[in-house]
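Some notes on the structure that comes next.
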Amino acid sequence: MTMNVERLRALHALSVHGTIAAAAEALHVTPSGVSQQLAKLERETGHRLLEPRGRGVRLTGAGHVLAGHAARVLAQLAAARADLDGLREDAVGPVRLGSFVTAARSVLPPALIALRERHPRLSPTLREGEAETVLPALVRGDIDVAVVESWDTLPTPIPATVSRLLLSSDVIDLALPAGHPLARRRSVDLAELRGMRWAAWTAGGICEGQLLQTLREHEADPVIVCNVADYPTQLAFVAADLAAALIPRLGRDPVPGGVRMLATRPVVRRGIYAAWRTDADRPAVRACVEALRAVAERLAAESSAA
């Protein structure tokens with residue numbers, strides 16, 4: 001059984017206003033138009049919905065039952081329309097984020113708290129991954145906003161269909177065992193690091209490639225002895241005098257004993273970017289990007305001042 005929404009609207013108006021004339025006035029149509037809609041609705045439902053009362057009509061038992069359903073249907077349609085209109089103006093509904101691990105740990109929690117406070121109708125979710133996994137997911141439409149890193153020495157390729165915004169610029173420091181001869185310095189030239197053993201991110205990934213490119217540019221071709229996608233574990237290798245590491249300041253855990261952090265010459269930086277599909281720009285996405293930008297800038301300023 002199919003029921004036309006406009007005919008349900010006519011029945012609802014009659015139940016609220018009491019007469020066909022009043023219902024017609026409320027709907028901005030003619031009384032005959034309301035009568036025709038109600039007659040068609042009776043044929044659609046197979047029930048008599050109206051009965052004579054004096055010079056007018058009143059609802060039958062079936063009419064009252066259907067009028068109650070009509071009120072709920074129309075209310076639900078109004079809510080749906082309001083939500084859809086809100087998508088043009090407000091950040092509502094689900095939004096899926098993907099982020100590399102250090103940003104997921106340091107930037108995302110305060111950003112999600114800010115989103116919850118400012119946009120309570122937004123429903124964000126997060127999945128962790130490096131640029132080589134979250135950017136393809138973004139292009140496929142599996143996520144809405146990606147947070148990726150891009151080292152100056154080896155920029156992360158951004159697909160042509162994706163827009164990006166720099167959230168902050170982060171400095172990369174050199175972690176050396178405290179007993180290493182260079183550890184007494186305040187800064188070290190990258191060219192002095194030839195022949196050293198290194199801890200790096202996952203083998204074959206963009207992060208390892210960024211370390212390799214950074215050192216090879218200064219003829220310090222590295223020997224990788226540890227591949228692990230976790231900076232605290234890399235620092236544990238440094239503390240044990242097993243490797244050196246390049247460690248970003250953003251999201252850095254307390255440096256363990258036995259490790260010295262030194263500036264590099266030249267300074268090595270990485271940009272932290274929010275990325276989204278250009279054709280999927282909407283208030284929910286913009287709200288997420290703004291929250292990420294504010295938190296990332298604050299954390300970067302704190303790490304630089306430390």
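Labels used: A, B, ... for chains in the order of the structure tokens, numbers from 1 for residues in each chain, and numbers from 1 for ligands as shown.
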
In segment 73-185 of chain A, DSSP helix (DSSP H, G or I) residues written as a PyMOL selection string
chain A and resi 73-89+101-106+108-118+131-140+181-184

Quick one: DSSP strand (DSSP E) residues in segment 79-210 of chain A, as a ChimeraX atom specification?
/A:93-99,122-128,145-151,162-177,187-189,197-200

Show which residues sit within 12 Å of Thr161 of chain A, as a ChimeraX atom specification. Count only C-alpha atoms, and ignore same-chain residues fewer than 4 positions away.
/A:135-136,138-141,157,275-281

Report, in Å with one decimal, the straight-line distance from atom CA of Leu122 of chain A to atom CA of Ala78 of chain A.
19.7 Å

Would you kindly return, as a PDB file with N, CA, C and O atoms, in the first residue's frame, each protein, DNA or RNA residue with an atom no farther than 12 Å from any atom of Ser169 of chain A, considering only C-alpha atoms and excluding same-chain residues fewer than 3 positions away?
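And here is the file that came out, result_34.pdb:
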```pdb
ATOM      1  N   VAL A 148      48.605  13.778   7.905  1.00  0.00           N
ATOM      2  CA  VAL A 148      49.822  13.148   7.391  1.00  0.00           C
ATOM      3  C   VAL A 148      51.015  14.048   7.658  1.00  0.00           C
ATOM      4  O   VAL A 148      50.872  15.264   7.842  1.00  0.00           O
ATOM      5  N   GLU A 149      52.189  13.431   7.681  1.00  0.00           N
ATOM      6  CA  GLU A 149      53.423  14.190   7.829  1.00  0.00           C
ATOM      7  C   GLU A 149      54.163  14.223   6.502  1.00  0.00           C
ATOM      8  O   GLU A 149      54.027  13.315   5.673  1.00  0.00           O
ATOM      9  N   SER A 150      54.951  15.259   6.310  1.00  0.00           N
ATOM     10  CA  SER A 150      55.731  15.406   5.082  1.00  0.00           C
ATOM     11  C   SER A 150      57.045  16.103   5.425  1.00  0.00           C
ATOM     12  O   SER A 150      57.053  17.284   5.755  1.00  0.00           O
ATOM     13  N   TRP A 151      58.140  15.335   5.365  1.00  0.00           N
ATOM     14  CA  TRP A 151      59.450  15.904   5.679  1.00  0.00           C
ATOM     15  C   TRP A 151      59.912  16.790   4.528  1.00  0.00           C
ATOM     16  O   TRP A 151      59.662  16.494   3.355  1.00  0.00           O
ATOM     17  N   ASP A 152      60.609  17.876   4.861  1.00  0.00           N
ATOM     18  CA  ASP A 152      61.112  18.771   3.827  1.00  0.00           C
ATOM     19  C   ASP A 152      62.055  18.047   2.871  1.00  0.00           C
ATOM     20  O   ASP A 152      62.118  18.371   1.682  1.00  0.00           O
ATOM     21  N   LEU A 165      46.002  21.405   4.147  1.00  0.00           N
ATOM     22  CA  LEU A 165      46.293  22.610   4.919  1.00  0.00           C
ATOM     23  C   LEU A 165      47.404  22.289   5.902  1.00  0.00           C
ATOM     24  O   LEU A 165      47.328  21.270   6.613  1.00  0.00           O
ATOM     25  N   LEU A 166      48.435  23.133   5.940  1.00  0.00           N
ATOM     26  CA  LEU A 166      49.522  22.948   6.898  1.00  0.00           C
ATOM     27  C   LEU A 166      49.002  23.230   8.302  1.00  0.00           C
ATOM     28  O   LEU A 166      48.534  24.336   8.588  1.00  0.00           O
ATOM     29  N   ILE A 172      62.780  18.169  13.800  1.00  0.00           N
ATOM     30  CA  ILE A 172      63.294  16.815  14.039  1.00  0.00           C
ATOM     31  C   ILE A 172      64.659  16.940  14.719  1.00  0.00           C
ATOM     32  O   ILE A 172      65.556  17.625  14.212  1.00  0.00           O
ATOM     33  N   PRO A 248      60.998  13.453  16.007  1.00  0.00           N
ATOM     34  CA  PRO A 248      60.259  14.718  15.979  1.00  0.00           C
ATOM     35  C   PRO A 248      59.936  15.198  17.390  1.00  0.00           C
ATOM     36  O   PRO A 248      59.779  14.400  18.323  1.00  0.00           O
ATOM     37  N   ARG A 249      59.821  16.507  17.545  1.00  0.00           N
ATOM     38  CA  ARG A 249      59.492  17.061  18.866  1.00  0.00           C
ATOM     39  C   ARG A 249      58.024  16.871  19.223  1.00  0.00           C
ATOM     40  O   ARG A 249      57.680  16.638  20.377  1.00  0.00           O
ATOM     41  N   LEU A 250      57.134  16.995  18.238  1.00  0.00           N
ATOM     42  CA  LEU A 250      55.709  16.888  18.516  1.00  0.00           C
ATOM     43  C   LEU A 250      55.365  15.487  19.001  1.00  0.00           C
ATOM     44  O   LEU A 250      55.673  14.497  18.350  1.00  0.00           O
ATOM     45  N   VAL A 267      68.770  22.383  10.097  1.00  0.00           N
ATOM     46  CA  VAL A 267      67.581  21.948  10.833  1.00  0.00           C
ATOM     47  C   VAL A 267      66.717  21.104   9.910  1.00  0.00           C
ATOM     48  O   VAL A 267      66.497  21.441   8.744  1.00  0.00           O
ATOM     49  N   VAL A 268      66.247  19.989  10.433  1.00  0.00           N
ATOM     50  CA  VAL A 268      65.336  19.108   9.689  1.00  0.00           C
ATOM     51  C   VAL A 268      63.921  19.356  10.199  1.00  0.00           C
ATOM     52  O   VAL A 268      63.690  19.384  11.412  1.00  0.00           O
ATOM     53  N   ARG A 269      62.999  19.553   9.288  1.00  0.00           N
ATOM     54  CA  ARG A 269      61.613  19.824   9.671  1.00  0.00           C
ATOM     55  C   ARG A 269      60.664  18.888   8.922  1.00  0.00           C
ATOM     56  O   ARG A 269      60.987  18.376   7.851  1.00  0.00           O
ATOM     57  N   ARG A 270      59.514  18.714   9.522  1.00  0.00           N
ATOM     58  CA  ARG A 270      58.417  18.040   8.836  1.00  0.00           C
ATOM     59  C   ARG A 270      57.166  18.904   8.967  1.00  0.00           C
ATOM     60  O   ARG A 270      56.931  19.540   9.998  1.00  0.00           O
ATOM     61  N   GLY A 271      56.389  18.945   7.918  1.00  0.00           N
ATOM     62  CA  GLY A 271      55.090  19.591   7.978  1.00  0.00           C
ATOM     63  C   GLY A 271      54.028  18.578   8.357  1.00  0.00           C
ATOM     64  O   GLY A 271      54.075  17.419   7.928  1.00  0.00           O
ATOM     65  N   ILE A 272      53.089  19.006   9.177  1.00  0.00           N
ATOM     66  CA  ILE A 272      51.946  18.166   9.533  1.00  0.00           C
ATOM     67  C   ILE A 272      50.722  18.776   8.863  1.00  0.00           C
ATOM     68  O   ILE A 272      50.405  19.952   9.072  1.00  0.00           O
ATOM     69  N   TYR A 273      50.068  17.970   8.033  1.00  0.00           N
ATOM     70  CA  TYR A 273      48.998  18.472   7.183  1.00  0.00           C
ATOM     71  C   TYR A 273      47.684  17.759   7.471  1.00  0.00           C
ATOM     72  O   TYR A 273      47.661  16.557   7.780  1.00  0.00           O
ATOM     73  N   ARG A 293      44.046  22.112  13.455  1.00  0.00           N
ATOM     74  CA  ARG A 293      45.008  23.204  13.288  1.00  0.00           C
ATOM     75  C   ARG A 293      45.294  23.901  14.611  1.00  0.00           C
ATOM     76  O   ARG A 293      46.455  24.156  14.961  1.00  0.00           O
ATOM     77  N   ALA A 296      47.369  21.504  16.920  1.00  0.00           N
ATOM     78  CA  ALA A 296      48.716  21.261  16.420  1.00  0.00           C
ATOM     79  C   ALA A 296      49.593  22.492  16.593  1.00  0.00           C
ATOM     80  O   ALA A 296      50.772  22.372  16.984  1.00  0.00           O
ATOM     81  N   GLU A 297      49.060  23.671  16.335  1.00  0.00           N
ATOM     82  CA  GLU A 297      49.845  24.895  16.503  1.00  0.00           C
ATOM     83  C   GLU A 297      50.232  25.101  17.970  1.00  0.00           C
ATOM     84  O   GLU A 297      51.356  25.492  18.281  1.00  0.00           O
ATOM     85  N   ARG A 298      49.283  24.834  18.865  1.00  0.00           N
ATOM     86  CA  ARG A 298      49.579  25.011  20.299  1.00  0.00           C
ATOM     87  C   ARG A 298      50.651  24.034  20.756  1.00  0.00           C
ATOM     88  O   ARG A 298      51.599  24.416  21.461  1.00  0.00           O
ATOM     89  N   LEU A 299      50.548  22.766  20.353  1.00  0.00           N
ATOM     90  CA  LEU A 299      51.531  21.772  20.784  1.00  0.00           C
ATOM     91  C   LEU A 299      52.904  22.064  20.189  1.00  0.00           C
ATOM     92  O   LEU A 299      53.928  21.867  20.855  1.00  0.00           O
ATOM     93  N   ALA A 300      52.939  22.505  18.928  1.00  0.00           N
ATOM     94  CA  ALA A 300      54.218  22.837  18.316  1.00  0.00           C
ATOM     95  C   ALA A 300      54.893  23.993  19.036  1.00  0.00           C
ATOM     96  O   ALA A 300      56.104  24.005  19.256  1.00  0.00           O
ATOM     97  N   ALA A 301      54.098  24.986  19.455  1.00  0.00           N
ATOM     98  CA  ALA A 301      54.673  26.126  20.191  1.00  0.00           C
ATOM     99  C   ALA A 301      55.194  25.668  21.540  1.00  0.00           C
ATOM    100  O   ALA A 301      56.275  26.111  21.976  1.00  0.00           O
ATOM    101  N   SER A 303      56.305  22.629  22.291  1.00  0.00           N
ATOM    102  CA  SER A 303      57.498  21.816  22.130  1.00  0.00           C
ATOM    103  C   SER A 303      58.707  22.672  21.770  1.00  0.00           C
ATOM    104  O   SER A 303      59.836  22.387  22.189  1.00  0.00           O
ATOM    105  N   SER A 304      58.501  23.755  21.031  1.00  0.00           N
ATOM    106  CA  SER A 304      59.615  24.650  20.677  1.00  0.00           C
ATOM    107  C   SER A 304      60.112  25.422  21.894  1.00  0.00           C
ATOM    108  O   SER A 304      61.296  25.725  22.021  1.00  0.00           O
TER     109      SER A 304
END
```

Spatial neighbours of Val134 of chain A, max dist 10 Å, only C-alpha atoms, sep filter under 2 positions, as an mmCIF file with N, CA, C and O atoms, in the first residue's frame:
```
data_model
loop_
_atom_site.group_PDB
_atom_site.id
_atom_site.type_symbol
_atom_site.label_atom_id
_atom_site.label_comp_id
_atom_site.auth_asym_id
_atom_site.auth_seq_id
_atom_site.Cartn_x
_atom_site.Cartn_y
_atom_site.Cartn_z
ATOM 1 N N LEU A 97 38.233 10.071 10.484
ATOM 2 C CA LEU A 97 39.578 10.625 10.418
ATOM 3 C C LEU A 97 40.601 9.503 10.369
ATOM 4 O O LEU A 97 40.412 8.440 10.966
ATOM 5 N N GLY A 98 41.698 9.766 9.665
ATOM 6 C CA GLY A 98 42.853 8.879 9.667
ATOM 7 C C GLY A 98 44.087 9.683 9.994
ATOM 8 O O GLY A 98 44.232 10.824 9.535
ATOM 9 N N SER A 99 44.993 9.110 10.799
ATOM 10 C CA SER A 99 46.145 9.890 11.252
ATOM 11 C C SER A 99 47.329 8.987 11.545
ATOM 12 O O SER A 99 47.163 7.843 11.991
ATOM 13 N N PHE A 100 48.540 9.520 11.303
ATOM 14 C CA PHE A 100 49.744 8.795 11.722
ATOM 15 C C PHE A 100 49.828 8.797 13.246
ATOM 16 O O PHE A 100 49.215 9.622 13.924
ATOM 17 N N ARG A 127 40.981 6.195 12.695
ATOM 18 C CA ARG A 127 41.789 5.004 12.406
ATOM 19 C C ARG A 127 43.231 5.450 12.196
ATOM 20 O O ARG A 127 43.488 6.497 11.594
ATOM 21 N N GLU A 128 44.169 4.659 12.717
ATOM 22 C CA GLU A 128 45.584 5.019 12.642
ATOM 23 C C GLU A 128 46.202 4.462 11.372
ATOM 24 O O GLU A 128 45.861 3.369 10.922
ATOM 25 N N GLY A 129 47.118 5.236 10.797
ATOM 26 C CA GLY A 129 47.835 4.771 9.624
ATOM 27 C C GLY A 129 48.775 5.836 9.107
ATOM 28 O O GLY A 129 48.565 7.033 9.318
ATOM 29 N N GLU A 130 49.821 5.394 8.426
ATOM 30 C CA GLU A 130 50.754 6.327 7.814
ATOM 31 C C GLU A 130 50.197 6.827 6.481
ATOM 32 O O GLU A 130 49.168 6.357 5.996
ATOM 33 N N ALA A 131 50.888 7.787 5.885
ATOM 34 C CA ALA A 131 50.389 8.431 4.671
ATOM 35 C C ALA A 131 50.125 7.432 3.556
ATOM 36 O O ALA A 131 49.171 7.581 2.783
ATOM 37 N N GLU A 132 50.957 6.380 3.476
ATOM 38 C CA GLU A 132 50.790 5.429 2.377
ATOM 39 C C GLU A 132 49.504 4.622 2.482
ATOM 40 O O GLU A 132 49.069 4.004 1.509
ATOM 41 N N PRO A 136 45.380 6.852 0.296
ATOM 42 C CA PRO A 136 44.514 6.068 -0.603
ATOM 43 C C PRO A 136 43.114 5.864 -0.030
ATOM 44 O O PRO A 136 42.124 5.889 -0.775
ATOM 45 N N ALA A 137 43.009 5.682 1.293
ATOM 46 C CA ALA A 137 41.683 5.540 1.905
ATOM 47 C C ALA A 137 40.877 6.823 1.751
ATOM 48 O O ALA A 137 39.659 6.787 1.545
ATOM 49 N N LEU A 138 41.555 7.968 1.841
ATOM 50 C CA LEU A 138 40.884 9.250 1.653
ATOM 51 C C LEU A 138 40.353 9.376 0.225
ATOM 52 O O LEU A 138 39.201 9.771 0.005
ATOM 53 N N VAL A 139 41.161 9.028 -0.753
ATOM 54 C CA VAL A 139 40.751 9.118 -2.159
ATOM 55 C C VAL A 139 39.578 8.181 -2.434
ATOM 56 O O VAL A 139 38.648 8.532 -3.171
ATOM 57 N N ARG A 140 39.580 6.994 -1.824
ATOM 58 C CA ARG A 140 38.482 6.029 -2.018
ATOM 59 C C ARG A 140 37.196 6.479 -1.349
ATOM 60 O O ARG A 140 36.126 5.952 -1.653
ATOM 61 N N ASP A 142 36.900 6.243 2.035
ATOM 62 C CA ASP A 142 36.773 5.469 3.273
ATOM 63 C C ASP A 142 36.964 6.333 4.508
ATOM 64 O O ASP A 142 36.522 5.971 5.599
ATOM 65 N N ILE A 143 37.681 7.446 4.372
ATOM 66 C CA ILE A 143 37.820 8.409 5.458
ATOM 67 C C ILE A 143 37.563 9.797 4.882
ATOM 68 O O ILE A 143 37.589 9.995 3.658
ATOM 69 N N ASP A 144 37.312 10.765 5.762
ATOM 70 C CA ASP A 144 36.964 12.122 5.333
ATOM 71 C C ASP A 144 38.107 13.113 5.510
ATOM 72 O O ASP A 144 38.220 14.067 4.745
ATOM 73 N N VAL A 145 38.920 12.923 6.539
ATOM 74 C CA VAL A 145 40.049 13.821 6.814
ATOM 75 C C VAL A 145 41.259 12.968 7.174
ATOM 76 O O VAL A 145 41.150 12.054 8.003
ATOM 77 N N ALA A 146 42.391 13.251 6.566
ATOM 78 C CA ALA A 146 43.631 12.543 6.871
ATOM 79 C C ALA A 146 44.636 13.518 7.468
ATOM 80 O O ALA A 146 44.726 14.671 7.032
ATOM 81 N N VAL A 147 45.362 13.055 8.476
ATOM 82 C CA VAL A 147 46.467 13.834 9.047
ATOM 83 C C VAL A 147 47.750 13.107 8.673
ATOM 84 O O VAL A 147 47.943 11.943 9.050
ATOM 85 N N VAL A 148 48.605 13.778 7.905
ATOM 86 C CA VAL A 148 49.822 13.148 7.391
ATOM 87 C C VAL A 148 51.015 14.048 7.658
ATOM 88 O O VAL A 148 50.872 15.264 7.842
ATOM 89 N N ALA A 275 44.398 16.737 5.310
ATOM 90 C CA ALA A 275 44.054 16.562 3.899
ATOM 91 C C ALA A 275 42.620 16.058 3.788
ATOM 92 O O ALA A 275 42.149 15.298 4.639
#
```

Near Gln37 of chain A, counting only C-alpha atoms, which residues have an atom at most 6 Å away, once you skip same-chain residues fewer than 3 positions from it, shown as a VMD selection string?
chain A and resid 7 34 40

What's the 10 Å shell around Leu174 of chain A, counting only C-alpha atoms, without same-chain residues fewer than 5 positions away, as a VMD selection string?
chain A and resid 183 187 to 188 190 244 to 248 259 to 264 268

For atom CA of Val101 of chain A and atom CA of Trp201 of chain A, determine how far apart the two atoms are, in Å to one decimal place.
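Interatomic distance, atom CA of Val101 of chain A to atom CA of Trp201 of chain A: 11.4 Å.
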
Here is a test: counting only C-alpha atoms, which residue of A:Leu235, A:Leu292, A:Val285, A:Ala71 is nearest to Pro94 of chain A?
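Of all the options, A:Val285 lies closest to Pro94 of chain A.
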
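Between atom CA of Leu66 of chain A and atom CA of Arg48 of chain A there is a distance of 10.8 Å.
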